[in-house]
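Chemist: Would you mind keeping the following structure in view while I ask a few things?
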Amino acid sequence: MLHKLSPSQKVLAYACLILLAILILFPIYYMLTVSLKTNRDIYRVPSLLLPNPTLMNYVELLGRRGFAVNLRNSLIVAGSATAISVFISCLAAYSLVRLRYRGRTWIGRLILFSYLTPASLLFIPLAVIINRLQMGNTLQGLIFTYLTFSAPLSTWLLMGFFRNVPVDLEEQAMVDGATRLQALFRVLLPVAAPGLVAVSVFTFTGAWNELLLALIFTTSPEIRTVPVALQYLITGDVFRWGLIMAGSVVAAVPVMTLYYLSQRFVVQGLAAGAVKA
Amino acid sequence: MARPATLQPPARASRISLSKRTSLLGYALVAPVVICLLILVVYPFIFGVAISFTNREIGTEGQFVGLANFIYLSKVPSFQKAIVNTIVLVGAVQTMKLVFGLGIALLLNQAIRARQFWRGLILLPWAMPAFVAYLTWKLLYLPQGGAFNIIAVGLGFGNIDFLSRELAMPSVILASFWRGFPFWVISFLAALQSVPQEQYEAAAIDGANAWQRFRHITIPGILPVVLVVVLLSTIWTTNSFENVWLITQGGPSDATMTFPVLAYFGLQTLRIGEAAAVSVAMLPVFVMMAFVGVKLLERNQE
């Protein structure tokens, strides 16, 4: 529907966009300024401006508060969940897209159904299961349970990417004597690399952002992930909003950087209407 | 199966064994994911339903109590509030996302300068971790030091308690909208751009006005995407925990209590049977939506 807008329509359109930009940017701006304020400045002289910026909150967070441990935990959990999930999903997606066998449609449906099932419907029985497996309060337990959402998500997305790669290349390789697994790893995966990047980004951020399961399955402070550590700062008795916002900025920067570095693929994945919002 | 002629085995017997080997390989490759999902999704799903009919507590297996948990829940005020609140929250947030999401997508689909820039800007709230977005909105709403109160006082409205009984729900709705709308805009924009330009030109030649073009070309063109987005997002919004938990924790006095938060509180009472019943009470609606969702996604895939 691209057509030339009349001057008055143009003014209206850009006015809407600028209003939208303010709505989007203002909360982010305020989060940044509060993270750079002392407690005194936040409560005693409330202001939208930033008269005395200080890095004090960041220093306290990463130093005395030991936030580095939470960052490390989140990195281990999200990194491992992504590695495991993307690997097994590559195998599953290849199998479902390229091979024909009985029950394939139902397996595909199981994956879609799992992808649609939210963690909030499963966390109570999962808590019982994890305790029974003696994996409560461990990072391994979290990595394992994160497969509930990461494995179906990455399999589903990879199936879409694999389907778009023409089968001829792999067939040619197999004519030349390659096995199916060689065709997958040496021919298909390199061609589908952009898809792998997008899937890894989605899986990593999904695990990095997860709060509910981590809140339930971890009890000791030293194995808390970033979202859990931050939520304990707001459910405690003393609110330290400078600290909470500093933590939020530190938590948001890695995943937002990832998103913008791979924005092209992210938008493709989004356009497929296939990513949890 | 599409296989080049050179791979066609000469004898019938060996062709069967080849297809058998393909089947075996297929099962072997898909097995790790399937086993994970059986342990982590299917089993908990069934187990959760089973627990909800028992009086299980932490440390005991519990006994079958029939519908007792559900009868008890139906009389608990928090549960009744959770039903109403979940419907209000989801209804309001999804309506706003649909109206504004479509509006903004249509705006961006016009001849706008620097469309890439605007798209990147709109992605910001969605690229942010949900917990960070909701913590930030809680900060904006604070009575002391919150940005909205600084603005309200500056404009002469005095202090407004955005997290009071009356305003807590609209506050959660606005925050959920802010974090969720980019997904809709970007999906709708992609759908709009896939509608063939020629159809608009042909309609314009036939004398169709802007509304007629929108009604008869744009809407049918983007409908499949709109349906998928509405459905998936409704499932996830209904089950969203962070938005309510981080902003209000379901309060004040249950004014923003929703199903996932109530189930979480239920787990903390250690009466697992009852807590599981809260989640199971949502299942009929979820299963219906998931059924339609699977159908829609399967269709879109082809």
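Ligands are numbered from 1 in the order shown, chains are lettered A, B, ... in the order of the structure tokens, and residues start at 1 in each chain.
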Leaving out Val33 in chain B and any residue of its chain fewer than 6 positions from it, which residues lie within 7 Å of it when counting only C-alpha atoms, given as a PyMOL selection string?
Modeler: chain A and resi 88-89+92+151
Chemist: Take the residues from that selection and write them out as an mmCIF file, in the first residue's frame, keeping C-alpha atoms.
Modeler:
```
data_model
loop_
_atom_site.group_PDB
_atom_site.id
_atom_site.type_symbol
_atom_site.label_atom_id
_atom_site.label_comp_id
_atom_site.auth_asym_id
_atom_site.auth_seq_id
_atom_site.Cartn_x
_atom_site.Cartn_y
_atom_site.Cartn_z
ATOM 1 C CA ILE A 88 19.613 -32.366 19.735
ATOM 2 C CA SER A 89 17.195 -30.129 17.823
ATOM 3 C CA ALA A 92 15.432 -33.976 15.337
ATOM 4 C CA ALA A 151 14.018 -28.006 22.757
#
```
Chemist: Mind listing the alpha helix (DSSP H) residues of range 184-267 of chain B, per DSSP on the backbone, as number ranges by chain?
Modeler: B: 184-193, 197-205, 210-213, 219-238, 242-247, 259-267
Chemist: Residues of chain A within 7 Å of chain B, using only C-alpha atoms, as a ChimeraX atom specification?
Modeler: /A:1-4,13,24,27,31,42-43,46-48,88-89,91-92,95,99-101,109,112-114,116,118,120-122,124-126,145,148,151,175,209,227,248,252,256,259,270-271,273,277
Chemist: Selected residues, N, CA and C atoms, written as a tab-separated table (two decimals), in the first residue's frame, please.
Modeler:
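Once written, out.tsv looks like this:
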```tsv
chain	number	residue	atom	x	y	z
A	1	MET	N	0.83	-1.20	0.00
A	1	MET	CA	0.00	0.00	0.00
A	1	MET	C	0.87	1.26	0.00
A	2	LEU	N	2.07	1.14	-0.53
A	2	LEU	CA	2.97	2.30	-0.58
A	2	LEU	C	2.41	3.34	-1.53
A	3	HIS	N	2.02	4.47	-0.99
A	3	HIS	CA	1.64	5.55	-1.89
A	3	HIS	C	2.07	6.85	-1.24
A	4	LYS	N	2.16	7.87	-2.03
A	4	LYS	CA	2.63	9.17	-1.53
A	4	LYS	C	1.61	9.74	-0.55
A	13	ALA	N	1.58	11.44	10.44
A	13	ALA	CA	2.29	10.16	10.55
A	13	ALA	C	3.54	10.32	11.41
A	24	ILE	N	8.27	4.48	23.94
A	24	ILE	CA	9.21	3.36	24.01
A	24	ILE	C	10.46	3.74	24.80
A	27	PRO	N	10.68	4.81	29.43
A	27	PRO	CA	11.00	3.87	30.50
A	27	PRO	C	12.47	3.45	30.50
A	31	MET	N	15.10	4.06	33.54
A	31	MET	CA	15.85	2.95	34.11
A	31	MET	C	17.35	3.27	34.17
A	42	ILE	N	17.30	9.48	44.59
A	42	ILE	CA	16.08	8.85	44.08
A	42	ILE	C	14.86	9.25	44.91
A	43	TYR	N	15.02	9.23	46.25
A	43	TYR	CA	13.84	9.42	47.10
A	43	TYR	C	13.68	10.85	47.63
A	46	PRO	N	13.20	13.66	44.11
A	46	PRO	CA	12.80	12.95	42.89
A	46	PRO	C	12.86	13.88	41.68
A	47	SER	N	13.44	13.38	40.60
A	47	SER	CA	13.57	14.21	39.40
A	47	SER	C	13.71	13.31	38.19
A	48	LEU	N	13.25	13.81	37.06
A	48	LEU	CA	13.41	13.03	35.83
A	48	LEU	C	14.80	13.22	35.25
A	88	ILE	N	20.60	-31.30	19.92
A	88	ILE	CA	19.61	-32.37	19.73
A	88	ILE	C	18.50	-31.92	18.78
A	89	SER	N	18.25	-30.61	18.72
A	89	SER	CA	17.19	-30.13	17.82
A	89	SER	C	17.61	-30.21	16.36
A	91	LEU	N	19.42	-32.58	15.09
A	91	LEU	CA	19.19	-33.97	14.71
A	91	LEU	C	17.70	-34.22	14.48
A	92	ALA	N	16.88	-33.73	15.43
A	92	ALA	CA	15.43	-33.98	15.34
A	92	ALA	C	14.84	-33.28	14.11
A	95	SER	N	15.74	-35.05	10.96
A	95	SER	CA	14.97	-36.28	10.84
A	95	SER	C	13.54	-35.99	10.38
A	99	LEU	N	13.60	-37.09	6.45
A	99	LEU	CA	13.40	-38.54	6.41
A	99	LEU	C	11.92	-38.86	6.54
A	100	ARG	N	11.51	-39.93	5.89
A	100	ARG	CA	10.11	-40.35	5.97
A	100	ARG	C	10.01	-41.61	6.81
A	101	TYR	N	9.15	-41.61	7.79
A	101	TYR	CA	8.91	-42.83	8.57
A	101	TYR	C	7.57	-42.70	9.27
A	109	ARG	N	3.61	-33.04	15.82
A	109	ARG	CA	2.55	-32.45	16.64
A	109	ARG	C	2.96	-32.37	18.10
A	112	LEU	N	5.12	-29.35	18.43
A	112	LEU	CA	4.33	-28.11	18.39
A	112	LEU	C	3.55	-27.91	19.68
A	113	PHE	N	2.95	-28.99	20.16
A	113	PHE	CA	2.16	-28.91	21.39
A	113	PHE	C	3.05	-28.50	22.57
A	114	SER	N	4.25	-29.10	22.65
A	114	SER	CA	5.18	-28.75	23.72
A	114	SER	C	5.61	-27.29	23.62
A	116	LEU	N	3.85	-24.88	22.49
A	116	LEU	CA	2.76	-24.01	22.93
A	116	LEU	C	2.50	-24.10	24.44
A	118	PRO	N	2.94	-23.55	28.12
A	118	PRO	CA	3.73	-22.64	28.93
A	118	PRO	C	4.22	-23.30	30.23
A	120	SER	N	4.14	-22.22	33.09
A	120	SER	CA	3.28	-22.00	34.26
A	120	SER	C	2.25	-23.10	34.43
A	121	LEU	N	2.02	-23.90	33.38
A	121	LEU	CA	1.11	-25.04	33.52
A	121	LEU	C	1.82	-26.27	34.06
A	122	LEU	N	3.15	-26.28	33.96
A	122	LEU	CA	3.89	-27.50	34.27
A	122	LEU	C	4.73	-27.41	35.54
A	124	ILE	N	4.39	-27.13	38.75
A	124	ILE	CA	4.13	-27.87	39.99
A	124	ILE	C	4.55	-29.34	39.87
A	125	PRO	N	4.03	-30.07	38.84
A	125	PRO	CA	4.54	-31.44	38.69
A	125	PRO	C	6.06	-31.47	38.41
A	126	LEU	N	6.58	-30.50	37.68
A	126	LEU	CA	8.02	-30.49	37.42
A	126	LEU	C	8.82	-30.37	38.72
A	145	THR	N	15.51	-28.71	33.06
A	145	THR	CA	14.11	-28.29	32.91
A	145	THR	C	13.94	-27.24	31.82
A	148	THR	N	12.35	-27.99	28.49
A	148	THR	CA	10.89	-28.01	28.26
A	148	THR	C	10.50	-26.97	27.22
A	151	ALA	N	13.95	-26.96	23.78
A	151	ALA	CA	14.02	-28.01	22.76
A	151	ALA	C	12.90	-27.88	21.71
A	175	VAL	N	25.29	-38.86	-3.31
A	175	VAL	CA	25.69	-39.56	-4.54
A	175	VAL	C	27.20	-39.74	-4.53
A	209	ASN	N	16.33	-15.19	30.30
A	209	ASN	CA	15.24	-14.38	30.84
A	209	ASN	C	14.31	-15.15	31.77
A	227	PRO	N	17.72	-13.21	36.98
A	227	PRO	CA	16.35	-12.75	37.27
A	227	PRO	C	15.93	-13.05	38.70
A	248	SER	N	19.37	-4.51	36.39
A	248	SER	CA	18.55	-4.67	35.18
A	248	SER	C	19.35	-4.29	33.94
A	252	ALA	N	20.24	-6.74	30.92
A	252	ALA	CA	19.63	-6.50	29.61
A	252	ALA	C	20.68	-6.34	28.51
A	256	MET	N	20.26	-7.83	24.66
A	256	MET	CA	19.86	-6.82	23.68
A	256	MET	C	20.93	-6.66	22.61
A	259	TYR	N	20.49	-9.47	20.22
A	259	TYR	CA	19.36	-9.24	19.33
A	259	TYR	C	19.72	-8.31	18.20
A	270	LEU	N	10.74	-13.86	13.80
A	270	LEU	CA	9.51	-13.22	14.25
A	270	LEU	C	8.44	-13.29	13.18
A	271	ALA	N	8.86	-13.03	11.95
A	271	ALA	CA	7.92	-13.00	10.85
A	271	ALA	C	7.26	-14.35	10.68
A	273	GLY	N	6.15	-15.84	12.87
A	273	GLY	CA	5.13	-15.87	13.92
A	273	GLY	C	5.40	-16.97	14.92
A	277	ALA	N	6.50	-14.52	22.90
A	277	ALA	CA	6.53	-13.10	23.21
A	277	ALA	C	6.24	-12.91	24.69
```
Chemist: Looking at A:Leu142, A:Ala68, A:Ala183, A:Leu61, which one is nearest to Ile130 in chain A, with distances taken over only C-alpha atoms?
Modeler: A:Leu142
Chemist: What's the 12 Å shell around Pro166 in chain A, counting only C-alpha atoms, without same-chain residues fewer than 3 positions away, as a compact mmCIF listing (two decimals) with C-alpha atoms, in the first residue's frame?
Modeler:
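The resulting file, result22.txt, is shown below:
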```
# COMPACT_ATOMS: atom_id res chain seq x y z
CA VAL A 97 12.17 -32.63 7.54
CA ARG A 98 14.29 -34.98 5.43
CA PHE A 161 15.03 -23.14 8.22
CA PHE A 162 15.92 -26.65 6.99
CA ARG A 163 12.79 -26.82 4.86
CA LEU A 169 23.00 -30.28 -2.34
CA GLU A 170 22.67 -33.06 0.20
CA GLU A 171 21.60 -35.54 -2.47
CA GLN A 172 24.61 -34.63 -4.55
CA VAL A 187 26.28 -29.72 3.78
CA LEU A 188 23.00 -28.71 5.40
CA VAL A 191 24.01 -23.58 4.46
CA ALA A 192 21.51 -23.13 7.29
CA ALA B 2 12.56 -37.72 -3.87
```
Chemist: Please, what distance in Å, to one decimal, runs between CA of Ser262 in chain A and CA of Phe117 in chain B?
Modeler: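 It comes out at 14.8 Å.
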Chemist: Just how far from CA of Leu55 in chain A is CA of Leu36 in chain A, in Å to one decimal?
Modeler: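 If I compute the distance from CA of Leu36 in chain A to CA of Leu55 in chain A, I get 5.7 Å.
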Chemist: Fewer than 3 positions away in the same chain doesn't count, so skip those; otherwise give me all residues within 9 Å of range 161-171 of chain B, counting only C-alpha atoms, as a PyMOL selection string.
Modeler: chain B and resi 85+88-89+92+137-138+141-143+148-149+174-176+247-248+251-256
